[in-house]
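Before any comments, here is the structure.
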Amino acid sequence: MLILYIVTLIALLASFVTSRQRTLAALKMAAKRLVAILPAFLTMLMAFSIVMSVLPDRLISQLVGGESGWRGVAIASLVGSVTLMPGFVAFPLCAALLGRGVSYMVLSAFTTTLMNVGVLTYPIERRYLGRNVTLVRNAINFAIALVVALAMGFAFREISL
Amino acid sequence: MNRGRTQPTQIALIVTFGLFLAYSWLTGLDTGQRIGRTFASTSLAMVKLLPCAFILIALFDTWIKRETVERHFGEGSGVRGYVWGLLLAGTSVGGLYVAFPLAHSLHRKGAKLTAVFAYIGFVGVSRIPWTMFEASFMGLTFTLVRLAVSIPLVILASVVMGRVLSKRGYQIQE
């Protein structure tokens, strides 16, 4: 969290020293984009807080919670494969789930498949890459997501040998 | 996803939600109060992070132009092709569906098939705005672990796929 502020500040300073004008333009662009997505953001937050408050905690933790292990990873990677979601929606969601005790492993399986495996975009991909290459590419990326989840499990000490 | 425009239904939804929270607070409706607390704490977390993420993305867009990277792509061979692929992927906006047309044009312009596949893989792995959001919300460790694991695997997969398919005379279609 603190690192983020420091990095942003350093980047801003460096940019400002290089060109005052372009930095101001960039800040304006950032503000405009932020305002533009705010309604979508609020809607997402509303939906999230309703779902989280109505769903019993036990159900969430049973499905993808800390004790769900590889079943949670499997569920998360399947959900990630079939959904389409911009990053500014996906990560706040994950951060909130993290606060609810969902493991880094499970969340990484979700975000990695969300990005790299596309069930819904299959028709588009097939048009460019052909059926076989599309299937192979998606299968490989699904496997990569599982390896990433495994690495997360070790990195955050959620699993041990 | 419709990012830019605010729809009337969206405003109505937000207002209704606000009224519901106010009503719950006044009458002591338990579920409503719980929703309100979740909403408040999650919103607060976002407010702390979002401005930084958006400033970083805007700075990146301002200083690194995609066209410049694209012009250099595929120059020479070997490792440099992958480095440019990584840079190009980092600067791309939108998801994989934007990557395919570009992959096609890169391939047509003479980029190696292995490097083109690596580029497609990198788009999923290391787009800068996405990575910045990720690091802001999930922490730097999460992002670094993911990049450290997936970048080598993407390169490995692309090299294998690219070599096998090149031998078969595979072409990316338009």
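Each chain in the structure tokens gets a letter, A, B, ..., in the order shown, and its residues are numbered from 1; ligands are numbered from 1 in order too.
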Interface list for chain B, partner chain A, 7 Å threshold, only C-alpha atoms, as JSON, numbers by chain: {"B": [3, 4, 6, 14, 34, 35, 38, 39, 42, 52, 54, 55, 56, 58, 59, 62, 97, 100, 124, 130, 133, 134, 136, 137, 138, 145, 146, 149, 150, 153, 172, 173, 174]}
Residue contacts of B:Ser126 (7 Å, only C-alpha atoms) excluding same-chain residues fewer than 3 positions away, as a list in words: Ala89, Gly90, Phe122, Val123 and Thr131 of chain B
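Take atom CA of A:Ser81 and atom CA of B:Val154: the distance between them is 17.4 Å.
For the atom pair formed by atom CA of B:Leu21 and atom CA of B:Arg37, the distance is 9.7 Å, given to one decimal.
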Shell around A:Val102 at 6 Å using only C-alpha atoms, local window under 2 positions removed, as a PyMOL selection string: chain A and resi 65-66+97-98+100
Save the residues we just selected, N, CA and C atoms, as a PDB file, in the first residue's frame?
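Okay, out.pdb is ready:
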ATOM      1  N   GLY A  65     -13.233 -20.863   0.193  1.00  0.00           N
ATOM      2  CA  GLY A  65     -12.543 -20.338   1.374  1.00  0.00           C
ATOM      3  C   GLY A  65     -11.223 -21.018   1.664  1.00  0.00           C
ATOM      4  N   GLY A  66     -10.642 -20.638   2.766  1.00  0.00           N
ATOM      5  CA  GLY A  66      -9.305 -21.097   3.133  1.00  0.00           C
ATOM      6  C   GLY A  66      -9.156 -22.605   3.151  1.00  0.00           C
ATOM      7  N   LEU A  97     -12.594 -10.319  -1.430  1.00  0.00           N
ATOM      8  CA  LEU A  97     -12.682 -11.753  -1.105  1.00  0.00           C
ATOM      9  C   LEU A  97     -11.512 -12.184  -0.229  1.00  0.00           C
ATOM     10  N   LEU A  98     -10.361 -11.578  -0.501  1.00  0.00           N
ATOM     11  CA  LEU A  98      -9.180 -11.853   0.308  1.00  0.00           C
ATOM     12  C   LEU A  98      -9.457 -11.507   1.768  1.00  0.00           C
ATOM     13  N   ARG A 100     -12.205 -11.732   3.116  1.00  0.00           N
ATOM     14  CA  ARG A 100     -13.145 -12.726   3.635  1.00  0.00           C
ATOM     15  C   ARG A 100     -12.487 -14.076   3.852  1.00  0.00           C
TER      16      ARG A 100
END
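Minimum atom-to-atom distances from A:Val79, A:Leu55, A:Ala14, A:Val73 to A:Leu146 were compared using only C-alpha atoms, and the lowest value belongs to A:Val73.
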Distance in Å - atom CA of B:Trp84 versus atom CA of B:Val116: 10.4 Å
